[in-house]
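Structure file work11.txt (compact mmCIF, C-alpha atoms and all ligand atoms) follows.
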```txt
# COMPACT_ATOMS: atom_id res chain seq x y z
CA MET A 1 0.00 0.00 0.00
CA ILE A 2 0.97 3.63 -0.28
CA ASP A 3 1.87 5.43 2.93
CA ARG A 4 1.06 9.07 3.69
CA PHE A 5 4.32 10.18 2.04
CA GLY A 6 3.57 8.36 -1.20
CA ARG A 7 5.96 5.48 -0.64
CA SER A 8 4.93 2.04 -1.82
CA ILE A 9 5.33 -0.39 1.09
CA ASP A 10 5.75 -3.95 -0.14
CA TYR A 11 8.40 -5.47 2.12
CA LEU A 12 7.99 -6.97 5.61
CA ARG A 13 10.85 -7.75 7.98
CA LEU A 14 9.40 -10.31 10.33
CA SER A 15 11.25 -11.08 13.55
CA VAL A 16 10.19 -14.49 14.82
CA THR A 17 12.18 -14.38 18.06
CA GLU A 18 14.31 -11.96 20.07
CA ARG A 19 16.39 -14.85 21.39
CA CYS A 20 19.77 -15.33 19.77
CA THR A 21 22.56 -17.91 19.66
CA LEU A 22 25.27 -15.24 19.55
CA ARG A 23 26.25 -12.30 21.73
CA CYS A 24 27.61 -9.85 19.15
CA THR A 25 29.43 -6.96 20.79
CA TYR A 26 27.31 -4.27 19.10
CA CYS A 27 24.01 -6.13 19.14
CA ARG A 28 23.90 -8.27 22.27
CA VAL A 29 21.18 -7.71 24.79
CA GLU A 30 20.98 -9.59 28.07
CA GLU A 31 17.77 -8.27 29.53
CA GLY A 32 14.22 -7.44 28.55
CA ILE A 33 13.93 -9.76 25.57
CA CYS A 34 10.51 -11.07 24.65
CA PRO A 35 10.10 -14.39 26.49
CA LYS A 36 9.57 -17.47 24.34
CA ALA A 37 6.03 -17.83 25.71
CA GLN A 38 5.07 -14.41 24.33
CA GLU A 39 6.39 -15.00 20.83
CA LEU A 40 3.65 -15.30 18.24
CA THR A 41 2.81 -18.79 17.02
CA ALA A 42 3.37 -19.97 13.44
CA GLY A 43 -0.37 -19.55 12.89
CA GLU A 44 -0.29 -15.94 14.12
CA PHE A 45 2.67 -15.14 11.86
CA GLU A 46 0.66 -16.60 9.01
CA ARG A 47 -2.25 -14.28 9.88
CA ILE A 48 0.15 -11.33 9.93
CA GLY A 49 1.51 -12.49 6.56
CA LYS A 50 -1.97 -12.81 5.04
CA THR A 51 -2.96 -9.37 6.33
CA CYS A 52 0.22 -7.83 4.99
CA ALA A 53 -0.33 -9.50 1.62
CA ARG A 54 -3.80 -7.93 1.47
CA LEU A 55 -2.11 -4.57 2.06
CA GLY A 56 0.35 -5.08 -0.77
CA ILE A 57 3.35 -6.72 0.92
CA ARG A 58 5.08 -8.96 -1.62
CA LYS A 59 8.35 -9.84 0.06
CA VAL A 60 8.98 -11.20 3.57
CA ARG A 61 12.37 -11.46 5.23
CA ILE A 62 12.34 -13.66 8.33
CA THR A 63 14.80 -12.49 10.95
CA GLY A 64 15.33 -12.14 14.69
CA GLY A 65 17.10 -12.61 17.13
CA GLU A 66 18.15 -15.81 15.48
CA PRO A 67 15.26 -17.22 13.43
CA LEU A 68 16.74 -20.73 13.38
CA LEU A 69 16.22 -20.91 17.15
CA ARG A 70 12.51 -21.34 16.51
CA LYS A 71 11.79 -25.07 16.59
CA ASP A 72 8.88 -24.48 14.19
CA ILE A 73 10.91 -22.42 11.71
CA LEU A 74 10.11 -24.79 8.82
CA GLU A 75 6.41 -24.45 9.56
CA ILE A 76 6.71 -20.65 9.71
CA VAL A 77 8.50 -20.55 6.34
CA HIS A 78 6.04 -23.00 4.83
CA ARG A 79 2.95 -21.11 6.02
CA LEU A 80 4.28 -17.74 4.84
CA ALA A 81 5.43 -19.11 1.49
CA ALA A 82 1.89 -20.41 0.89
CA VAL A 83 0.26 -17.00 1.47
CA ASP A 84 -1.41 -15.70 -1.68
CA GLY A 85 0.37 -12.58 -2.87
CA ILE A 86 3.69 -13.20 -1.09
CA GLU A 87 6.23 -13.64 -3.85
CA GLU A 88 9.48 -13.95 -1.99
CA ILE A 89 10.55 -15.43 1.36
CA THR A 90 14.10 -14.81 2.53
CA MET A 91 15.91 -15.11 5.86
CA THR A 92 18.72 -13.37 7.71
CA THR A 93 20.73 -15.69 9.94
CA ASN A 94 24.05 -15.95 11.73
CA ALA A 95 24.25 -19.49 10.27
CA GLN A 96 25.42 -21.06 13.52
CA GLN A 97 22.62 -23.63 13.28
CA LEU A 98 22.21 -23.71 9.52
CA ALA A 99 24.38 -26.72 8.64
CA GLY A 100 22.32 -29.58 7.26
CA ARG A 101 19.10 -27.54 7.19
CA VAL A 102 19.37 -25.55 3.97
CA GLY A 103 17.62 -28.21 1.86
CA ALA A 104 14.67 -28.42 4.25
CA LEU A 105 14.34 -24.63 4.39
CA LYS A 106 14.37 -24.46 0.61
CA ALA A 107 11.78 -27.22 0.37
CA ALA A 108 9.60 -25.26 2.82
CA GLY A 109 9.70 -22.28 0.45
CA LEU A 110 12.76 -20.22 1.40
CA GLN A 111 14.20 -18.51 -1.67
CA ARG A 112 17.33 -16.77 -0.42
CA LEU A 113 19.57 -16.37 2.58
CA ASN A 114 21.46 -13.43 4.06
CA ILE A 115 24.26 -14.55 6.33
CA SER A 116 25.89 -12.19 8.84
CA LEU A 117 29.67 -12.29 9.01
CA ASP A 118 31.93 -9.51 10.29
CA THR A 119 35.36 -11.15 10.43
CA LEU A 120 37.38 -13.95 8.87
CA ASP A 121 39.61 -14.36 11.89
CA PRO A 122 38.35 -17.31 13.99
CA ASP A 123 39.58 -15.83 17.29
CA LYS A 124 38.10 -12.41 16.52
CA TYR A 125 34.84 -14.07 15.46
CA ARG A 126 34.70 -15.88 18.81
CA GLU A 127 35.47 -12.61 20.63
CA MET A 128 32.93 -10.55 18.68
CA THR A 129 30.11 -13.09 18.72
CA GLY A 130 30.84 -16.07 20.96
CA GLY A 131 30.35 -18.37 17.92
CA GLU A 132 32.43 -20.47 15.51
CA LEU A 133 33.63 -19.03 12.20
CA SER A 134 34.10 -22.41 10.48
CA THR A 135 30.37 -23.12 10.97
CA VAL A 136 29.44 -19.94 9.09
CA LEU A 137 31.86 -20.59 6.24
CA SER A 138 30.58 -24.11 5.62
CA ALA A 139 26.97 -22.89 5.83
CA ILE A 140 27.72 -20.30 3.11
CA ASP A 141 28.97 -23.10 0.87
CA GLU A 142 25.91 -25.22 1.68
CA ALA A 143 23.60 -22.33 0.71
CA ILE A 144 25.48 -21.87 -2.57
CA GLU A 145 25.27 -25.58 -3.29
CA ALA A 146 21.51 -25.45 -2.70
CA GLN A 147 21.36 -22.60 -5.27
CA LEU A 148 19.77 -20.11 -2.87
CA LEU A 149 21.41 -17.45 -5.00
CA PRO A 150 22.67 -14.86 -4.60
CA VAL A 151 23.69 -15.63 -1.03
CA LYS A 152 24.20 -12.24 0.61
CA ILE A 153 26.82 -11.78 3.27
CA ASN A 154 26.09 -8.88 5.62
CA THR A 155 29.07 -7.22 7.24
CA VAL A 156 29.23 -4.33 9.70
CA ILE A 157 32.62 -2.64 9.80
CA ILE A 158 33.65 -1.21 13.16
CA LYS A 159 36.67 1.07 13.48
CA GLY A 160 39.51 -0.60 15.37
CA THR A 161 37.84 -4.02 15.28
CA ASN A 162 37.50 -5.27 11.71
CA ASP A 163 38.26 -2.25 9.49
CA ASP A 164 41.52 -3.96 8.52
CA GLU A 165 39.54 -6.83 6.97
CA VAL A 166 37.49 -5.03 4.32
CA ASP A 167 39.50 -6.46 1.40
CA ASP A 168 39.55 -9.98 2.83
CA LEU A 169 35.79 -9.89 3.39
CA MET A 170 35.23 -8.51 -0.13
CA ALA A 171 37.34 -11.38 -1.47
CA LEU A 172 34.67 -13.85 -0.32
CA ALA A 173 32.99 -12.83 -3.58
CA LYS A 174 36.06 -13.73 -5.65
CA ALA A 175 35.50 -17.44 -6.00
CA ARG A 176 31.88 -17.60 -4.86
CA PRO A 177 28.62 -16.26 -6.36
CA VAL A 178 27.90 -14.21 -3.25
CA GLU A 179 27.17 -10.55 -2.58
CA VAL A 180 29.25 -9.10 0.21
CA ARG A 181 27.43 -6.07 1.62
CA PHE A 182 28.95 -3.54 3.95
CA ILE A 183 26.31 -2.03 6.22
CA GLU A 184 27.13 1.14 8.14
CA LEU A 185 26.96 0.77 11.91
CA MET A 186 23.66 2.34 12.95
CA PRO A 187 23.03 4.05 16.30
CA VAL A 188 20.99 1.09 17.47
CA GLY A 189 22.44 -0.57 20.57
CA GLU A 190 25.04 0.84 22.94
CA LEU A 191 28.13 0.46 20.75
CA GLY A 192 26.28 1.90 17.80
CA GLN A 193 25.87 5.20 19.67
CA ASN A 194 29.62 5.72 19.54
CA ASP A 195 30.43 7.88 16.48
CA GLU A 196 34.14 7.08 16.84
CA LEU A 197 33.45 3.49 15.81
CA ARG A 198 31.52 4.39 12.68
CA VAL A 199 33.05 3.87 9.24
CA ASN A 200 31.57 5.86 6.36
CA ASN A 201 31.00 3.62 3.32
CA ASP A 202 32.05 6.50 1.03
CA ASP A 203 35.54 6.21 2.50
CA LEU A 204 35.65 2.46 1.82
CA ILE A 205 34.59 3.05 -1.78
CA ALA A 206 36.94 6.01 -2.37
CA ALA A 207 39.92 3.94 -1.18
CA ARG A 208 39.14 1.28 -3.82
CA PRO A 209 39.06 2.90 -7.28
CA TYR A 210 38.93 -0.54 -8.89
CA LEU A 211 35.30 -0.93 -7.75
CA ARG A 212 33.11 -0.61 -10.87
CA PRO A 213 29.57 0.69 -10.19
CA LEU A 214 26.79 -1.65 -11.31
CA PRO A 215 23.19 -0.68 -12.01
CA PRO A 216 20.81 -1.58 -9.14
CA ARG A 217 18.96 -4.87 -9.51
CA TYR A 218 15.66 -3.10 -8.83
CA ALA A 219 14.38 0.46 -8.40
CA GLY A 220 14.83 1.83 -4.87
CA GLN A 221 17.47 -0.77 -3.95
CA PRO A 222 19.24 0.50 -0.81
CA ALA A 223 22.61 -1.09 -1.68
CA ARG A 224 25.03 0.56 -4.10
CA ASP A 225 26.54 -2.39 -5.99
CA TYR A 226 30.00 -2.75 -7.48
CA ALA A 227 31.86 -5.31 -9.55
CA VAL A 228 35.50 -6.23 -9.12
CA ASP A 229 37.37 -7.63 -12.11
CA GLY A 230 37.81 -11.36 -11.73
CA TYR A 231 35.18 -11.69 -9.00
CA LYS A 232 32.25 -14.10 -9.44
CA GLY A 233 30.08 -12.18 -6.99
CA ARG A 234 29.50 -8.50 -6.33
CA VAL A 235 30.13 -6.06 -3.50
CA GLY A 236 27.44 -3.78 -2.07
CA PHE A 237 27.37 -0.82 0.28
CA ILE A 238 24.30 -0.07 2.39
CA SER A 239 24.69 3.37 3.88
CA PRO A 240 21.73 4.41 6.01
CA LEU A 241 23.73 7.26 7.56
CA SER A 242 25.85 8.65 4.74
CA HIS A 243 23.26 7.98 2.00
CA LYS A 244 19.88 8.03 3.67
CA PHE A 245 17.34 6.09 1.58
CA CYS A 246 14.18 6.87 3.58
CA ALA A 247 12.46 8.54 0.59
CA SER A 248 12.33 5.18 -1.16
CA CYS A 249 12.00 3.00 1.96
CA ASN A 250 9.52 0.24 1.19
CA ARG A 251 9.57 -1.74 4.44
CA ILE A 252 7.91 -2.21 7.78
CA ARG A 253 8.90 -4.49 10.63
CA VAL A 254 6.84 -6.78 12.80
CA MET A 255 8.49 -8.05 15.95
CA SER A 256 8.18 -11.46 17.56
CA ASP A 257 5.48 -10.30 19.99
CA GLY A 258 3.48 -8.93 17.06
CA LYS A 259 4.27 -5.24 17.59
CA ILE A 260 4.71 -3.27 14.39
CA ARG A 261 7.79 -1.07 14.08
CA PRO A 262 7.18 1.07 10.99
CA CYS A 263 10.69 2.58 10.96
CA LEU A 264 13.96 1.22 12.37
CA GLY A 265 15.14 4.75 13.18
CA SER A 266 12.11 5.74 15.25
CA ASN A 267 10.91 4.23 18.52
CA LEU A 268 7.30 4.30 17.33
CA GLU A 269 5.71 0.86 17.84
CA VAL A 270 2.13 -0.26 17.30
CA GLU A 271 0.50 -3.07 19.33
CA THR A 272 -1.38 -5.82 17.50
CA LYS A 273 -2.27 -7.98 20.51
CA ASP A 274 -5.87 -6.77 20.80
CA ALA A 275 -6.36 -6.74 17.04
CA LEU A 276 -5.08 -10.33 16.77
CA ALA A 277 -7.59 -11.34 19.42
CA GLN A 278 -10.46 -9.40 17.83
CA GLY A 279 -10.08 -10.91 14.37
CA ASP A 280 -8.75 -10.37 10.88
CA ALA A 281 -10.72 -7.18 10.14
CA ALA A 282 -9.25 -5.48 13.24
CA LEU A 283 -5.78 -6.72 12.36
CA LEU A 284 -6.12 -5.33 8.83
CA GLU A 285 -7.16 -1.90 10.14
CA THR A 286 -4.33 -1.81 12.72
CA MET A 287 -1.73 -2.73 10.13
CA ARG A 288 -3.13 -0.35 7.54
CA ASN A 289 -2.93 2.50 10.06
CA ALA A 290 0.61 1.61 11.13
CA ILE A 291 1.85 1.47 7.55
CA TYR A 292 0.07 4.68 6.60
CA HIS A 293 1.72 6.50 9.52
CA LYS A 294 5.25 5.24 8.85
CA PRO A 295 7.59 8.13 9.80
CA VAL A 296 8.96 10.21 6.95
CA ALA A 297 12.58 9.39 7.82
CA HIS A 298 14.85 7.89 10.44
CA HIS A 299 16.42 10.04 13.14
CA PHE A 300 19.87 8.43 13.05
CA ASN A 301 21.67 11.70 12.34
CA THR A 302 19.91 13.70 15.04
CA GLY A 303 20.91 12.05 18.31
CA PHE A 304 18.39 9.22 18.06
CA ILE A 305 18.58 6.61 20.81
CA SER A 306 16.82 3.38 19.99
CA LEU A 307 15.03 1.85 22.97
CA LYS A 308 15.81 -1.60 21.57
CA ASN A 309 18.83 -3.29 20.04
CA MET A 310 18.66 -4.75 16.55
CA SER A 311 18.33 -8.32 17.84
CA ARG A 312 15.06 -7.27 19.48
CA ILE A 313 13.68 -5.27 16.56
CA GLY A 314 14.75 -7.63 13.79
CA GLY A 315 17.72 -6.68 11.63
N1 LIG B 401 20.65 -13.39 14.03
C1 LIG B 401 20.53 -13.03 12.66
C2 LIG B 401 21.87 -12.60 12.09
O1 LIG B 401 22.84 -12.52 12.84
O2 LIG B 401 21.92 -12.38 10.91
C3 LIG B 401 19.48 -11.95 12.37
C4 LIG B 401 19.37 -10.82 13.31
S1 LIG B 401 20.75 -9.72 13.38
C5 LIG B 401 20.10 -8.50 14.46
C6 LIG B 401 20.68 -8.98 11.77
C7 LIG B 401 21.78 -8.06 11.39
O3 LIG B 401 21.72 -6.88 12.15
C8 LIG B 401 23.18 -8.62 11.55
O4 LIG B 401 23.79 -8.65 10.30
C9 LIG B 401 23.87 -7.58 12.42
O5 LIG B 401 25.19 -7.36 12.03
C10 LIG B 401 23.01 -6.35 12.15
N2 LIG B 401 23.12 -5.30 13.16
C11 LIG B 401 22.93 -5.39 14.48
N3 LIG B 401 23.12 -4.19 15.09
C12 LIG B 401 23.46 -3.32 14.11
C13 LIG B 401 23.78 -1.93 14.08
N4 LIG B 401 23.82 -1.19 15.18
N5 LIG B 401 24.06 -1.37 12.88
C14 LIG B 401 24.04 -2.11 11.75
N6 LIG B 401 23.73 -3.42 11.71
C15 LIG B 401 23.46 -4.02 12.87
```

Mind turning this structure into structure tokens?
Amino acid sequence: MIDRFGRSIDYLRLSVTERCTLRCTYCRVEEGICPKAQELTAGEFERIGKTCARLGIRKVRITGGEPLLRKDILEIVHRLAAVDGIEEITMTTNAQQLAGRVGALKAAGLQRLNISLDTLDPDKYREMTGGELSTVLSAIDEAIEAQLLPVKINTVIIKGTNDDEVDDLMALAKARPVEVRFIELMPVGELGQNDELRVNNDDLIAARPYLRPLPPRYAGQPARDYAVDGYKGRVGFISPLSHKFCASCNRIRVMSDGKIRPCLGSNLEVETKDALAQGDAALLETMRNAIYHKPVAHHFNTGFISLKNMSRIGG
């Protein structure tokens, strides 16, 4: 549907849990997460999906927390993939529990995977996340083998932590058909508030004149894509701070307790609990209202403090 600023909203980020397998330094949250018992059921996510489809949502990205922590994740994917009007189901994961499950996810209806990876140093990976790097690397290969292409690798560069690894991370796209995307650290979560840690994507691009700009895959694509000679895959830069893309933002978020978050860079949230209990007509009206009133732009550059970390909102 069209929001009050004329933007066409057709993309839902659906967080199915706030729980996570990792404790990433800039994303971790120890307290206040939505308890498992209050997470929506697969059936309720399906109702959200159907309502969104009626309002013009065509693409759903399942995220979290860590979506693979949900024991019923195959059912969630399957139910959403079967919703009339939903054309694409994708997932963002840290891949710690992905090994051996890609085939089943694909069979359930998953079309693509985004895998988060910020370092290629096993010790640093353990320090930054508490997880195992080798697990992620083999999961990337499993996703490629299953032809969930392009596999996108999401990387957040943090000054003094992994800014010396930009070229190595880019080189993941040399022999593999993957897209390595550098996402600017957003002021979401405690570390993200620290401007000193932020790396401007323009600086990464300017330092690499061999990057050849590619046309976007679709209109309004937030990533600026580049080719590198001899690389199978491509490199992308998503720059919500240095190149704000709010004017063409096409997404809303629904969190694991059903609350709608129309904009990542605004603390505005809309409850759906009562509407879910009342029935589908009430849910439709609540969602229509929330989408219509999506804020005009994020407040990242004006001292915004998010009340929740990304793992709670759904990255
Ligand atoms: N657990 C899944 C994963 O790791 O991909 C999905 C959820 S995680 C919150 C999604 C993404 O959000 C990760 O790629 C993470 O790097 C990113 N993220 C978390 N906090 C961020 C921040 N302040 N700025 C930019 N990206 C952030």

* Structure fact -> From CA of Cys34 (chain A) to CA of Arg47 (chain A) the spacing works out at 19.8 Å

Contacts between ligand LIG 401 (chain B) and chain A, please, where a residue of chain A counts if it comes within 8 Å (with all atoms listed in the file); show its shortest atom pair and distance in Å to one decimal, rows by chain and ascending number, as JSON lines.
```
{"residue": "A:Cys20", "atom": "CA", "partner": "B:LIG401", "partner_atom": "N1", "distance": 6.1}
{"residue": "A:Thr21", "atom": "CA", "partner": "B:LIG401", "partner_atom": "N1", "distance": 7.5}
{"residue": "A:Leu22", "atom": "CA", "partner": "B:LIG401", "partner_atom": "N1", "distance": 7.4}
{"residue": "A:Cys24", "atom": "CA", "partner": "B:LIG401", "partner_atom": "O5", "distance": 7.9}
{"residue": "A:Tyr26", "atom": "CA", "partner": "B:LIG401", "partner_atom": "N3", "distance": 5.8}
{"residue": "A:Cys27", "atom": "CA", "partner": "B:LIG401", "partner_atom": "N3", "distance": 4.6}
{"residue": "A:Thr63", "atom": "CA", "partner": "B:LIG401", "partner_atom": "C3", "distance": 4.9}
{"residue": "A:Gly64", "atom": "CA", "partner": "B:LIG401", "partner_atom": "C4", "distance": 4.5}
{"residue": "A:Gly65", "atom": "CA", "partner": "B:LIG401", "partner_atom": "N1", "distance": 4.8}
{"residue": "A:Glu66", "atom": "CA", "partner": "B:LIG401", "partner_atom": "N1", "distance": 3.8}
{"residue": "A:Pro67", "atom": "CA", "partner": "B:LIG401", "partner_atom": "N1", "distance": 6.6}
{"residue": "A:Thr92", "atom": "CA", "partner": "B:LIG401", "partner_atom": "O2", "distance": 4.6}
{"residue": "A:Thr93", "atom": "CA", "partner": "B:LIG401", "partner_atom": "O2", "distance": 3.6}
{"residue": "A:Asn94", "atom": "CA", "partner": "B:LIG401", "partner_atom": "O1", "distance": 3.8}
{"residue": "A:Ala95", "atom": "CA", "partner": "B:LIG401", "partner_atom": "O2", "distance": 7.5}
{"residue": "A:Asn114", "atom": "CA", "partner": "B:LIG401", "partner_atom": "O2", "distance": 6.9}
{"residue": "A:Ile115", "atom": "CA", "partner": "B:LIG401", "partner_atom": "O2", "distance": 5.6}
{"residue": "A:Ser116", "atom": "CA", "partner": "B:LIG401", "partner_atom": "O4", "distance": 4.4}
{"residue": "A:Leu117", "atom": "CA", "partner": "B:LIG401", "partner_atom": "O4", "distance": 7.0}
{"residue": "A:Asp118", "atom": "CA", "partner": "B:LIG401", "partner_atom": "O5", "distance": 7.3}
{"residue": "A:Asn154", "atom": "CA", "partner": "B:LIG401", "partner_atom": "O4", "distance": 5.2}
{"residue": "A:Thr155", "atom": "CA", "partner": "B:LIG401", "partner_atom": "O5", "distance": 6.2}
{"residue": "A:Val156", "atom": "CA", "partner": "B:LIG401", "partner_atom": "O5", "distance": 5.6}
{"residue": "A:Ile183", "atom": "CA", "partner": "B:LIG401", "partner_atom": "C14", "distance": 6.0}
{"residue": "A:Glu184", "atom": "CA", "partner": "B:LIG401", "partner_atom": "C14", "distance": 5.8}
{"residue": "A:Leu185", "atom": "CA", "partner": "B:LIG401", "partner_atom": "N5", "distance": 3.7}
{"residue": "A:Met186", "atom": "CA", "partner": "B:LIG401", "partner_atom": "N5", "distance": 3.7}
{"residue": "A:Pro187", "atom": "CA", "partner": "B:LIG401", "partner_atom": "N4", "distance": 5.4}
{"residue": "A:Val188", "atom": "CA", "partner": "B:LIG401", "partner_atom": "N4", "distance": 4.3}
{"residue": "A:Gly189", "atom": "CA", "partner": "B:LIG401", "partner_atom": "N4", "distance": 5.6}
{"residue": "A:Leu191", "atom": "CA", "partner": "B:LIG401", "partner_atom": "N4", "distance": 7.2}
{"residue": "A:Gly192", "atom": "CA", "partner": "B:LIG401", "partner_atom": "N4", "distance": 4.7}
{"residue": "A:Asn309", "atom": "CA", "partner": "B:LIG401", "partner_atom": "N3", "distance": 6.6}
{"residue": "A:Met310", "atom": "CA", "partner": "B:LIG401", "partner_atom": "C5", "distance": 4.5}
{"residue": "A:Ser311", "atom": "CA", "partner": "B:LIG401", "partner_atom": "C5", "distance": 3.8}
{"residue": "A:Arg312", "atom": "CA", "partner": "B:LIG401", "partner_atom": "C5", "distance": 7.2}
{"residue": "A:Ile313", "atom": "CA", "partner": "B:LIG401", "partner_atom": "C5", "distance": 7.5}
{"residue": "A:Gly314", "atom": "CA", "partner": "B:LIG401", "partner_atom": "C5", "distance": 5.5}
{"residue": "A:Gly315", "atom": "CA", "partner": "B:LIG401", "partner_atom": "C6", "distance": 3.8}
```

* Spatial neighbours of Ile89 (chain A), max dist 7 Å, all atoms listed in the file, sep filter under 6 positions, as a PyMOL selection string -> chain A and resi 59-61+81+109-111

* **Atomic distance CA of Leu211 (chain A) - CA of Thr90 (chain A), expressed in Å with one decimal** =>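 Distance reported for this atom pair: 27.3 Å.
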
Selection near region 263-278 of chain A, 7 Å with all atoms listed in the file, sequence-local residues under 2 positions removed, as a compact mmCIF listing (two decimals) with C-alpha atoms, keeping the file's coordinate frame:
```
# COMPACT_ATOMS: atom_id res chain seq x y z
CA ILE A 252 7.91 -2.21 7.78
CA GLY A 258 3.48 -8.93 17.06
CA LYS A 259 4.27 -5.24 17.59
CA ILE A 260 4.71 -3.27 14.39
CA ARG A 261 7.79 -1.07 14.08
CA ASP A 280 -8.75 -10.37 10.88
CA ALA A 282 -9.25 -5.48 13.24
CA LEU A 283 -5.78 -6.72 12.36
CA THR A 286 -4.33 -1.81 12.72
CA ALA A 290 0.61 1.61 11.13
CA LYS A 294 5.25 5.24 8.85
CA PRO A 295 7.59 8.13 9.80
CA HIS A 298 14.85 7.89 10.44
CA HIS A 299 16.42 10.04 13.14
CA PHE A 300 19.87 8.43 13.05
CA SER A 306 16.82 3.38 19.99
CA LEU A 307 15.03 1.85 22.97
```

* To do: Could you check which of A:Leu80, A:Pro122, A:Tyr11, A:Ile48 is closest to Gln221 (chain A), using all atoms listed in the file?
  =>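 For Gln221 (chain A), the nearest of the candidates is A:Tyr11.
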
* **Distance of CA of Ala104 (chain A) from CA of Val83 (chain A), expressed in Å to one decimal place** => 18.6 Å

* Asked: Looking at A:Gln96, A:Arg54, A:Leu113, A:Thr17, which one is nearest to Ala281 (chain A), with distances taken over all atoms listed in the file?
  ->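 Using all atoms listed in the file, the shortest distance to Ala281 (chain A) belongs to A:Arg54.
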